[in-house]
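Structure file query-v6.pdb; described as PDB, C-alpha atoms and all ligand atoms.
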ATOM      1  CA  MET A   1       0.000   0.000   0.000  1.00  0.00           C
ATOM      2  CA  PRO A   2       1.419   3.391  -0.909  1.00  0.00           C
ATOM      3  CA  SER A   3       1.961   5.662   2.093  1.00  0.00           C
ATOM      4  CA  VAL A   4       3.838   8.767   3.210  1.00  0.00           C
ATOM      5  CA  LYS A   5       6.309   8.208   6.069  1.00  0.00           C
ATOM      6  CA  PRO A   6       7.522  10.795   8.602  1.00  0.00           C
ATOM      7  CA  ASN A   7      10.973  10.573   6.984  1.00  0.00           C
ATOM      8  CA  SER A   8       9.772  10.627   3.353  1.00  0.00           C
ATOM      9  CA  THR A   9      11.510  12.896   0.891  1.00  0.00           C
ATOM     10  CA  ILE A  10       9.598  15.448  -1.169  1.00  0.00           C
ATOM     11  CA  SER A  11      10.090  13.202  -4.223  1.00  0.00           C
ATOM     12  CA  GLU A  12       8.710  10.182  -2.353  1.00  0.00           C
ATOM     13  CA  TYR A  13       5.638  12.202  -1.381  1.00  0.00           C
ATOM     14  CA  GLN A  14       5.247  13.299  -5.016  1.00  0.00           C
ATOM     15  CA  ASP A  15       5.511   9.615  -6.074  1.00  0.00           C
ATOM     16  CA  PHE A  16       2.883   8.648  -3.512  1.00  0.00           C
ATOM     17  CA  VAL A  17       0.483  11.211  -5.029  1.00  0.00           C
ATOM     18  CA  GLN A  18       1.199   9.759  -8.464  1.00  0.00           C
ATOM     19  CA  GLN A  19       0.567   6.172  -7.338  1.00  0.00           C
ATOM     20  CA  VAL A  20      -2.713   6.987  -5.622  1.00  0.00           C
ATOM     21  CA  TYR A  21      -4.109   9.836  -7.742  1.00  0.00           C
ATOM     22  CA  GLY A  22      -2.177   9.677 -11.036  1.00  0.00           C
ATOM     23  CA  LEU A  23      -4.566   7.416 -12.922  1.00  0.00           C
ATOM     24  CA  HIS A  24      -7.694   9.294 -11.833  1.00  0.00           C
ATOM     25  CA  ASN A  25      -6.020  12.640 -12.588  1.00  0.00           C
ATOM     26  CA  MET A  26      -4.964  11.576 -16.080  1.00  0.00           C
ATOM     27  CA  ARG A  27      -8.371  10.218 -16.987  1.00  0.00           C
ATOM     28  CA  ASN A  28     -10.600  12.838 -15.470  1.00  0.00           C
ATOM     29  CA  TYR A  29      -8.730  16.072 -14.811  1.00  0.00           C
ATOM     30  CA  SER A  30      -7.296  18.777 -17.019  1.00  0.00           C
ATOM     31  CA  VAL A  31      -4.424  20.884 -15.677  1.00  0.00           C
ATOM     32  CA  GLY A  32      -7.052  23.614 -15.200  1.00  0.00           C
ATOM     33  CA  ASN A  33      -9.159  21.286 -13.020  1.00  0.00           C
ATOM     34  CA  LEU A  34      -6.105  20.367 -10.927  1.00  0.00           C
ATOM     35  CA  LEU A  35      -5.221  24.043 -10.563  1.00  0.00           C
ATOM     36  CA  THR A  36      -8.755  24.926  -9.453  1.00  0.00           C
ATOM     37  CA  ASN A  37      -8.531  22.328  -6.693  1.00  0.00           C
ATOM     38  CA  THR A  38      -5.085  23.599  -5.618  1.00  0.00           C
ATOM     39  CA  GLN A  39      -6.577  27.100  -5.406  1.00  0.00           C
ATOM     40  CA  ARG A  40      -9.820  26.282  -3.666  1.00  0.00           C
ATOM     41  CA  PHE A  41      -8.211  24.282  -0.875  1.00  0.00           C
ATOM     42  CA  ALA A  42      -5.606  27.039  -0.402  1.00  0.00           C
ATOM     43  CA  MET A  43      -8.399  29.621  -0.142  1.00  0.00           C
ATOM     44  CA  ARG A  44     -10.194  27.453   2.423  1.00  0.00           C
ATOM     45  CA  GLY A  45      -6.908  27.386   4.317  1.00  0.00           C
ATOM     46  CA  LEU A  46      -6.869  31.195   4.273  1.00  0.00           C
ATOM     47  CA  LYS A  47     -10.420  31.205   5.592  1.00  0.00           C
ATOM     48  CA  GLY A  48      -9.070  29.169   8.510  1.00  0.00           C
ATOM     49  CA  ILE A  49      -6.529  31.968   9.153  1.00  0.00           C
ATOM     50  CA  ARG A  50      -9.292  34.591   9.187  1.00  0.00           C
ATOM     51  CA  LYS A  51     -11.413  32.443  11.508  1.00  0.00           C
ATOM     52  CA  LYS A  52      -8.390  31.625  13.692  1.00  0.00           C
ATOM     53  CA  ASP A  53      -9.104  27.936  13.070  1.00  0.00           C
ATOM     54  CA  ARG A  54      -5.714  26.202  12.975  1.00  0.00           C
ATOM     55  CA  GLU A  55      -7.154  22.763  12.089  1.00  0.00           C
ATOM     56  CA  LYS A  56      -9.053  24.168   9.120  1.00  0.00           C
ATOM     57  CA  THR A  57      -5.935  25.908   7.862  1.00  0.00           C
ATOM     58  CA  LYS A  58      -3.824  22.803   8.400  1.00  0.00           C
ATOM     59  CA  ILE A  59      -5.986  20.250   6.570  1.00  0.00           C
ATOM     60  CA  ASN A  60      -6.888  22.532   3.671  1.00  0.00           C
ATOM     61  CA  LEU A  61      -3.286  23.549   3.026  1.00  0.00           C
ATOM     62  CA  LEU A  62      -2.159  19.900   3.198  1.00  0.00           C
ATOM     63  CA  LEU A  63      -4.761  19.129   0.511  1.00  0.00           C
ATOM     64  CA  SER A  64      -3.726  22.140  -1.575  1.00  0.00           C
ATOM     65  CA  LEU A  65      -0.110  20.959  -1.372  1.00  0.00           C
ATOM     66  CA  SER A  66      -1.169  17.488  -2.552  1.00  0.00           C
ATOM     67  CA  TRP A  67      -3.049  18.960  -5.535  1.00  0.00           C
ATOM     68  CA  LEU A  68       0.091  20.940  -6.353  1.00  0.00           C
ATOM     69  CA  MET A  69       1.947  17.604  -6.453  1.00  0.00           C
ATOM     70  CA  SER A  70      -0.696  16.306  -8.886  1.00  0.00           C
ATOM     71  CA  ILE A  71       0.019  19.262 -11.195  1.00  0.00           C
ATOM     72  CA  MET A  72       3.757  18.569 -10.940  1.00  0.00           C
ATOM     73  CA  ASN A  73       3.147  14.916 -11.860  1.00  0.00           C
ATOM     74  CA  HIS A  74       0.873  15.899 -14.717  1.00  0.00           C
ATOM     75  CA  LEU A  75       3.563  18.202 -16.148  1.00  0.00           C
ATOM     76  CA  HIS A  76       6.455  15.818 -15.276  1.00  0.00           C
ATOM     77  CA  ILE A  77       8.241  18.333 -13.039  1.00  0.00           C
ATOM     78  CA  GLN A  78      10.327  17.027 -10.111  1.00  0.00           C
ATOM     79  CA  ILE A  79       9.566  19.748  -7.620  1.00  0.00           C
ATOM     80  CA  GLU A  80      12.266  18.742  -5.108  1.00  0.00           C
ATOM     81  CA  ASP A  81      15.016  19.679  -7.595  1.00  0.00           C
ATOM     82  CA  GLU A  82      13.320  22.975  -8.390  1.00  0.00           C
ATOM     83  CA  ILE A  83      12.931  23.866  -4.716  1.00  0.00           C
ATOM     84  CA  TRP A  84      16.600  23.192  -4.027  1.00  0.00           C
ATOM     85  CA  SER A  85      17.854  25.133  -7.037  1.00  0.00           C
ATOM     86  CA  ARG A  86      15.643  28.094  -6.084  1.00  0.00           C
ATOM     87  CA  PHE A  87      16.209  27.953  -2.298  1.00  0.00           C
ATOM     88  CA  PRO A  88      19.675  26.473  -1.559  1.00  0.00           C
ATOM     89  CA  TYR A  89      19.458  27.545   2.113  1.00  0.00           C
ATOM     90  CA  LEU A  90      19.063  31.090   0.752  1.00  0.00           C
ATOM     91  CA  CYS A  91      16.144  33.406   0.030  1.00  0.00           C
ATOM     92  CA  SER A  92      15.511  33.195  -3.725  1.00  0.00           C
ATOM     93  CA  TYR A  93      15.194  36.990  -3.876  1.00  0.00           C
ATOM     94  CA  CYS A  94      17.899  38.533  -1.647  1.00  0.00           C
ATOM     95  CA  SER A  95      20.192  35.457  -1.576  1.00  0.00           C
ATOM     96  CA  THR A  96      20.725  35.568   2.207  1.00  0.00           C
ATOM     97  CA  CYS A  97      19.742  33.317   5.127  1.00  0.00           C
ATOM     98  CA  PRO A  98      17.787  34.466   7.007  1.00  0.00           C
ATOM     99  CA  CYS A  99      16.071  36.538   4.330  1.00  0.00           C
ATOM    100  CA  SER A 100      16.972  40.234   4.524  1.00  0.00           C
ATOM    101  CA  CYS A 101      14.591  41.505   1.808  1.00  0.00           C
ATOM    102  CA  LYS A 102      12.813  43.779   4.296  1.00  0.00           C
ATOM    103  CA  GLU A 103      15.811  45.400   6.060  1.00  0.00           C
ATOM    104  CA  LYS A 104      17.803  45.840   2.900  1.00  0.00           C
ATOM    105  CA  LYS A 105      14.748  46.907   0.879  1.00  0.00           C
ATOM    106  CA  VAL A 106      15.870  44.614  -1.944  1.00  0.00           C
ATOM    107  CA  LYS A 107      14.117  45.773  -5.129  1.00  0.00           C
ATOM    108  CA  LYS A 108      15.687  43.473  -7.684  1.00  0.00           C
ATOM    109  CA  ARG A 109      16.206  39.710  -7.507  1.00  0.00           C
ATOM    110  CA  LYS A 110      19.837  38.797  -6.775  1.00  0.00           C
ATOM    111  CA  SER A 111      21.185  35.759  -8.566  1.00  0.00           C
ATOM    112  CA  ILE A 112      21.936  32.726  -6.417  1.00  0.00           C
ATOM    113  CA  PRO A 113      25.736  32.238  -6.220  1.00  0.00           C
ATOM    114  CA  ASN A 114      27.166  29.178  -8.008  1.00  0.00           C
ATOM    115  CA  ASN A 115      29.335  28.116  -5.078  1.00  0.00           C
ATOM    116  CA  VAL A 116      26.579  27.280  -2.574  1.00  0.00           C
ATOM    117  CA  LYS A 117      28.190  25.298   0.262  1.00  0.00           C
ATOM    118  CA  ALA A 118      25.044  24.193   2.080  1.00  0.00           C
ATOM    119  CA  LEU A 119      24.044  20.550   1.902  1.00  0.00           C
ATOM    120  CA  LYS A 120      20.702  19.743   0.320  1.00  0.00           C
ATOM    121  CA  PRO A 121      18.122  18.774   2.990  1.00  0.00           C
ATOM    122  CA  ALA A 122      17.379  15.042   2.817  1.00  0.00           C
ATOM    123  CA  THR A 123      13.735  14.768   3.795  1.00  0.00           C
ATOM    124  CA  LEU A 124      10.533  16.771   3.488  1.00  0.00           C
ATOM    125  CA  SER A 125      10.938  17.544   7.179  1.00  0.00           C
ATOM    126  CA  ASP A 126      14.519  18.816   6.667  1.00  0.00           C
ATOM    127  CA  PHE A 127      13.269  21.053   3.851  1.00  0.00           C
ATOM    128  CA  GLN A 128      10.620  22.508   6.180  1.00  0.00           C
ATOM    129  CA  LYS A 129      13.356  23.241   8.759  1.00  0.00           C
ATOM    130  CA  MET A 130      15.401  24.916   6.035  1.00  0.00           C
ATOM    131  CA  PHE A 131      12.471  27.217   5.218  1.00  0.00           C
ATOM    132  CA  ARG A 132      12.132  28.070   8.921  1.00  0.00           C
ATOM    133  CA  ARG A 133      15.781  29.168   8.888  1.00  0.00           C
ATOM    134  CA  ILE A 134      15.441  31.239   5.713  1.00  0.00           C
ATOM    135  CA  TYR A 135      12.062  32.734   6.665  1.00  0.00           C
ATOM    136  CA  PRO A 136      11.723  32.745  10.484  1.00  0.00           C
ATOM    137  CA  PRO A 137       7.988  32.852  11.278  1.00  0.00           C
ATOM    138  CA  GLU A 138       8.656  35.320  14.134  1.00  0.00           C
ATOM    139  CA  GLU A 139       9.611  37.940  11.567  1.00  0.00           C
ATOM    140  CA  ARG A 140       6.069  38.387  10.250  1.00  0.00           C
ATOM    141  CA  SER A 141       2.440  37.709  11.196  1.00  0.00           C
ATOM    142  CA  LEU A 142       0.433  34.652  10.156  1.00  0.00           C
ATOM    143  CA  GLU A 143      -1.891  36.930   8.143  1.00  0.00           C
ATOM    144  CA  HIS A 144       1.097  38.334   6.288  1.00  0.00           C
ATOM    145  CA  GLY A 145       2.201  34.774   5.468  1.00  0.00           C
ATOM    146  CA  GLY A 146      -1.323  34.012   4.233  1.00  0.00           C
ATOM    147  CA  ILE A 147      -1.386  37.040   1.928  1.00  0.00           C
ATOM    148  CA  HIS A 148       2.021  36.096   0.550  1.00  0.00           C
ATOM    149  CA  LEU A 149       0.723  32.574  -0.128  1.00  0.00           C
ATOM    150  CA  ALA A 150      -2.257  34.003  -2.054  1.00  0.00           C
ATOM    151  CA  GLU A 151       0.097  36.202  -4.110  1.00  0.00           C
ATOM    152  CA  GLU A 152       2.310  33.279  -5.033  1.00  0.00           C
ATOM    153  CA  LEU A 153      -0.674  31.106  -5.915  1.00  0.00           C
ATOM    154  CA  GLY A 154      -1.749  33.885  -8.276  1.00  0.00           C
ATOM    155  CA  GLU A 155       1.692  33.985  -9.897  1.00  0.00           C
ATOM    156  CA  PHE A 156       1.789  30.197 -10.200  1.00  0.00           C
ATOM    157  CA  SER A 157      -1.675  30.249 -11.834  1.00  0.00           C
ATOM    158  CA  GLU A 158      -0.523  32.927 -14.279  1.00  0.00           C
ATOM    159  CA  SER A 159       2.489  30.825 -15.236  1.00  0.00           C
ATOM    160  CA  VAL A 160       0.268  27.790 -15.944  1.00  0.00           C
ATOM    161  CA  LEU A 161      -2.157  29.893 -17.996  1.00  0.00           C
ATOM    162  CA  THR A 162       0.665  31.498 -19.991  1.00  0.00           C
ATOM    163  CA  PHE A 163       2.201  28.128 -20.815  1.00  0.00           C
ATOM    164  CA  ARG A 164      -1.145  26.646 -21.825  1.00  0.00           C
ATOM    165  CA  GLY A 165      -1.646  29.597 -24.184  1.00  0.00           C
ATOM    166  CA  GLN A 166       1.762  29.644 -25.868  1.00  0.00           C
ATOM    167  CA  HIS A 167       3.414  26.251 -25.210  1.00  0.00           C
ATOM    168  CA  LYS A 168       6.876  27.869 -25.065  1.00  0.00           C
ATOM    169  CA  GLU A 169       9.845  26.253 -23.315  1.00  0.00           C
ATOM    170  CA  GLU A 170      10.683  29.392 -21.276  1.00  0.00           C
ATOM    171  CA  ASP A 171       7.088  29.602 -20.060  1.00  0.00           C
ATOM    172  CA  PHE A 172       7.315  25.976 -18.960  1.00  0.00           C
ATOM    173  CA  ASP A 173      10.453  26.775 -16.900  1.00  0.00           C
ATOM    174  CA  LYS A 174       8.538  29.589 -15.236  1.00  0.00           C
ATOM    175  CA  ILE A 175       5.945  27.070 -13.951  1.00  0.00           C
ATOM    176  CA  SER A 176       8.687  25.151 -12.090  1.00  0.00           C
ATOM    177  CA  LYS A 177      10.035  28.325 -10.489  1.00  0.00           C
ATOM    178  CA  GLU A 178       6.612  29.566  -9.458  1.00  0.00           C
ATOM    179  CA  ALA A 179       5.741  26.124  -8.068  1.00  0.00           C
ATOM    180  CA  ALA A 180       8.883  26.259  -5.890  1.00  0.00           C
ATOM    181  CA  ASP A 181       7.911  29.753  -4.667  1.00  0.00           C
ATOM    182  CA  LEU A 182       4.416  28.524  -3.870  1.00  0.00           C
ATOM    183  CA  TYR A 183       5.859  25.546  -1.983  1.00  0.00           C
ATOM    184  CA  SER A 184       8.003  27.917   0.109  1.00  0.00           C
ATOM    185  CA  CYS A 185       4.936  30.023   0.997  1.00  0.00           C
ATOM    186  CA  LEU A 186       2.972  26.932   2.011  1.00  0.00           C
ATOM    187  CA  MET A 187       5.876  25.961   4.293  1.00  0.00           C
ATOM    188  CA  GLY A 188       5.889  29.547   5.609  1.00  0.00           C
ATOM    189  CA  VAL A 189       2.287  29.261   6.797  1.00  0.00           C
ATOM    190  CA  PHE A 190       2.847  25.751   8.177  1.00  0.00           C
ATOM    191  CA  ASN A 191       5.824  27.085  10.131  1.00  0.00           C
ATOM    192  CA  SER A 192       3.721  29.966  11.468  1.00  0.00           C
ATOM    193  CA  ILE A 193       1.030  27.601  12.790  1.00  0.00           C
ATOM    194  CA  GLU A 194       3.634  25.050  13.918  1.00  0.00           C
ATOM    195  CA  VAL A 195       2.508  22.181  11.737  1.00  0.00           C
ATOM    196  CA  ASP A 196       5.017  19.398  11.172  1.00  0.00           C
ATOM    197  CA  VAL A 197       4.101  18.715   7.529  1.00  0.00           C
ATOM    198  CA  SER A 198       5.704  15.285   7.108  1.00  0.00           C
ATOM    199  CA  LYS A 199       4.174  14.034  10.358  1.00  0.00           C
ATOM    200  CA  GLU A 200       0.718  15.272   9.327  1.00  0.00           C
ATOM    201  CA  LEU A 201       1.040  13.861   5.808  1.00  0.00           C
ATOM    202  CA  SER A 202       2.099  10.493   7.224  1.00  0.00           C
ATOM    203  CA  THR A 203      -1.068  10.455   9.361  1.00  0.00           C
ATOM    204  CA  LEU A 204      -3.352  11.653   6.541  1.00  0.00           C
ATOM    205  CA  PHE A 205      -1.780   9.324   3.971  1.00  0.00           C
ATOM    206  CA  SER A 206      -0.936   6.332   6.181  1.00  0.00           C
ATOM    207  CA  ASN A 207      -2.245   4.174   3.341  1.00  0.00           C
ATOM    208  CA  ASP A 208      -3.819   4.964  -0.006  1.00  0.00           C
ATOM    209  CA  CYS A 209      -6.381   7.765  -0.598  1.00  0.00           C
ATOM    210  CA  HIS A 210      -7.299   9.465   2.701  1.00  0.00           C
ATOM    211  CA  VAL A 211     -11.016   9.367   1.798  1.00  0.00           C
ATOM    212  CA  CYS A 212     -11.860   6.200  -0.203  1.00  0.00           C
ATOM    213  CA  LYS A 213      -8.858   4.216   1.131  1.00  0.00           C
ATOM    214  CA  ASN A 214      -8.120   2.869  -2.323  1.00  0.00           C
ATOM    215  CA  ALA A 215      -5.054   3.038  -4.553  1.00  0.00           C
ATOM    216  CA  PRO A 216      -5.657   4.141  -7.206  1.00  0.00           C
ATOM    217  CA  CYS A 217      -8.236   6.494  -5.669  1.00  0.00           C
ATOM    218  CA  THR A 218     -11.839   5.852  -6.691  1.00  0.00           C
ATOM    219  CA  CYS A 219     -13.388   9.105  -5.404  1.00  0.00           C
ATOM    220  CA  SER A 220     -15.605  10.468  -8.202  1.00  0.00           C
ATOM    221  CA  PHE A 221     -14.972  13.857  -9.817  1.00  0.00           C
ATOM    222  CA  ASP A 222     -18.311  15.089  -8.564  1.00  0.00           C
ATOM    223  CA  PHE A 223     -17.640  13.906  -5.017  1.00  0.00           C
ATOM    224  CA  VAL A 224     -14.216  15.619  -4.987  1.00  0.00           C
ATOM    225  CA  ALA A 225     -15.741  18.868  -6.307  1.00  0.00           C
ATOM    226  CA  LYS A 226     -18.079  18.984  -3.304  1.00  0.00           C
ATOM    227  CA  PHE A 227     -15.540  17.723  -0.785  1.00  0.00           C
ATOM    228  CA  LYS A 228     -14.762  20.213   1.950  1.00  0.00           C
ATOM    229  CA  PHE A 229     -13.326  20.578   5.435  1.00  0.00           C
TER     230      PHE A 229
HETATM  231 ZN    ZN B   1      14.874  37.705   0.968  1.00  0.00          ZN
HETATM  232 ZN    ZN B   2     -10.212   8.519  -3.050  1.00  0.00          ZN
END
Let me see the structure of the file written as structure tokens.
Amino acid sequence: MPSVKPNSTISEYQDFVQQVYGLHNMRNYSVGNLLTNTQRFAMRGLKGIRKKDREKTKINLLLSLSWLMSIMNHLHIQIEDEIWSRFPYLCSYCSTCPCSCKEKKVKKRKSIPNNVKALKPATLSDFQKMFRRIYPPEERSLEHGGIHLAEELGEFSESVLTFRGQHKEEDFDKISKEAADLYSCLMGVFNSIEVDVSKELSTLFSNDCHVCKNAPCTCSFDFVAKFKF
């Protein structure tokens, strides 16, 4: 039975999503459908922030993250590689750790140096710790983290739309970068509400689909569209 373990890597989690949801996604979902689900669960997560409901935020953002993995599988992007090349223990914008975008009022993206010495985090959990170091949650409010997440989801959506319109290689590369930025913002909110993502995923996905308990998942399109926490 496919499952996510507390020490799974990001790639193993992405593979789990493929094993359980890949078939259903390929048959029944367009990239647009997958994107809509990524967005709607993220927005429900933001509602949890407004309502000060940590559980609501937690479960909805875990689901949004899993839909993001479905998009990555659909487009054959290995998100772990993209995350590491964009955030090698450095902020992707100011190139420091912790991020100094605010103090230094960085207006233009600095390129990541070629001679990064830091070791790539091994597991999903190690990556979350890395994001806590780059973007300490104490430096901004949870609401601020939520707004940043919404912004990045908008940019990711734009990159998908642009690629679907033009089918250009450079637009495809933009999707990977925006997906990595979105991942970092999801981790930012999880760090703010002190959610251990790999532990929660291993509980939610202890075996097969978390709802129908099948692999491949047999939840119908219609059922998923109405599914909410
Ligand atoms: Zn920065
Ligand atoms: Zn299912």
So which residues touch Tyr89 in chain A within 12 Å, counting all atoms listed in the file, skipping near sequence neighbours fewer than 3 positions away, as a ChimeraX atom specification?
/A:83-86,92-99,112-113,116-121,126-135,184
Considering all atoms listed in the file, state which residue in the set A:Arg54, A:Arg140, A:Lys47, A:Lys5 is at the smallest distance from Leu124 in chain A.
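Checking each of A:Arg54, A:Arg140, A:Lys47, A:Lys5 against Leu124 in chain A, counting all atoms listed in the file, the winner is A:Lys5.
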Given all atoms listed in the file as the basis, pick out the residue of A:Cys91, A:Ile175, A:Cys212, A:Ile147 nearest to ligand ZN 1 (chain B).
A:Cys91
I need every residue sitting at most 9 Å from the point (3.5, 6.6, -3.1) (coordinates as in the file, all atoms listed in the file considered), written as a ChimeraX atom specification.
/A:1-4,12-20,207-208
Would you compute the distance between CA of Met43 in chain A and CA of Met26 in chain A? Give it in Å to one decimal.
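Taking CA of Met43 in chain A as the start and CA of Met26 in chain A as the end point, the length is 24.3 Å.
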When you look at Ser30 in chain A with a cut-off of 10 Å (counting all atoms listed in the file), what residues show up, excluding the ones that are within fewer than 6 positions of it in the same chain? I need them as a list of chain:residue names.
A:Thr36, A:Ile71, A:His74
Separation of CA of Lys56 in chain A from CA of Phe87 in chain A, in Å and rounded to one decimal
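It comes out at 28.0 Å.
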Could you list, as a PDB file with C-alpha atoms, in the frame of the given file, all the residues within 8 Å of ligand ZN 2 (chain B), counting all atoms listed in the file?
ATOM      1  CA  TYR A  21      -4.109   9.836  -7.742  1.00  0.00           C
ATOM      2  CA  ASP A 208      -3.819   4.964  -0.006  1.00  0.00           C
ATOM      3  CA  CYS A 209      -6.381   7.765  -0.598  1.00  0.00           C
ATOM      4  CA  HIS A 210      -7.299   9.465   2.701  1.00  0.00           C
ATOM      5  CA  VAL A 211     -11.016   9.367   1.798  1.00  0.00           C
ATOM      6  CA  CYS A 212     -11.860   6.200  -0.203  1.00  0.00           C
ATOM      7  CA  LYS A 213      -8.858   4.216   1.131  1.00  0.00           C
ATOM      8  CA  ASN A 214      -8.120   2.869  -2.323  1.00  0.00           C
ATOM      9  CA  ALA A 215      -5.054   3.038  -4.553  1.00  0.00           C
ATOM     10  CA  PRO A 216      -5.657   4.141  -7.206  1.00  0.00           C
ATOM     11  CA  CYS A 217      -8.236   6.494  -5.669  1.00  0.00           C
ATOM     12  CA  THR A 218     -11.839   5.852  -6.691  1.00  0.00           C
ATOM     13  CA  CYS A 219     -13.388   9.105  -5.404  1.00  0.00           C
ATOM     14  CA  SER A 220     -15.605  10.468  -8.202  1.00  0.00           C
TER      15      SER A 220
END
Report, in Å to a single decimal, how far apart CA of His144 in chain A and CA of Leu90 in chain A are.
20.1 Å
List the neighbours of range 48-52 of chain A out to 10 Å using all atoms listed in the file; skip same-chain residues closer than 2 positions along the sequence, and give me the result as a ChimeraX atom specification.
/A:42-46,54-61,142-143,145-146,189,193
Which of A:Ser198, A:Asn73, A:Ser141, A:Gln78 sits closest to Leu34 in chain A [using all atoms listed in the file]
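Closest to Leu34 in chain A of all the choices is A:Asn73.
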Among the residues A:Val197, A:Lys110, A:Lys226, A:Asn37, the one that comes closest to Ile10 in chain A [using only C-alpha atoms]
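For Ile10 in chain A, the nearest of the given residues is A:Val197.
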Evaluate the PyMOL selection byres (((chain A and resi 153) around 10) and not hetatm) here and jot the selected residues down as a list in words.
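So the PyMOL selection byres (((chain A and resi 153) around 10) and not hetatm), applied here, picks out Leu35, Thr38, Gln39, Ala42, Met43, Ile147, His148, Leu149, Ala150, Glu151, Glu152, Gly154, Glu155, Phe156, Ser157, Glu158, Ser159, Glu178, Ala179, Asp181, Leu182, Tyr183, Cys185 and Leu186 of chain A.
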Within 6 Å of Phe163 in chain A, counting all atoms listed in the file, which residues show up once you throw out same-chain ones fewer than 4 positions away? Write them as a list in words, please.
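After dropping sequence-adjacent residues, the list is His167, Asp171 and Phe172 of chain A.
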Once you add 8 Å to each side, what are the centre and edge lengths of the axis-aligned box holding all listed atoms of range 64-68 of chain A? One decimal in Å, as AutoDock Vina command-line options, if you can.
--center_x -1.8 --center_y 19.8 --center_z -3.9 --size_x 19.8 --size_y 20.7 --size_z 21.0
Just checking: using all atoms listed in the file, which residue out of A:Ser176, A:Ser125, A:Ser70, A:Asn115 ends up closest to Val195 in chain A?
A:Ser125
For ligand ZN 1 (chain B), the nearest of the candidates A:Ser100, A:Ser11, A:Thr123, A:Thr162, counting only C-alpha atoms and all ligand atoms:
A:Ser100
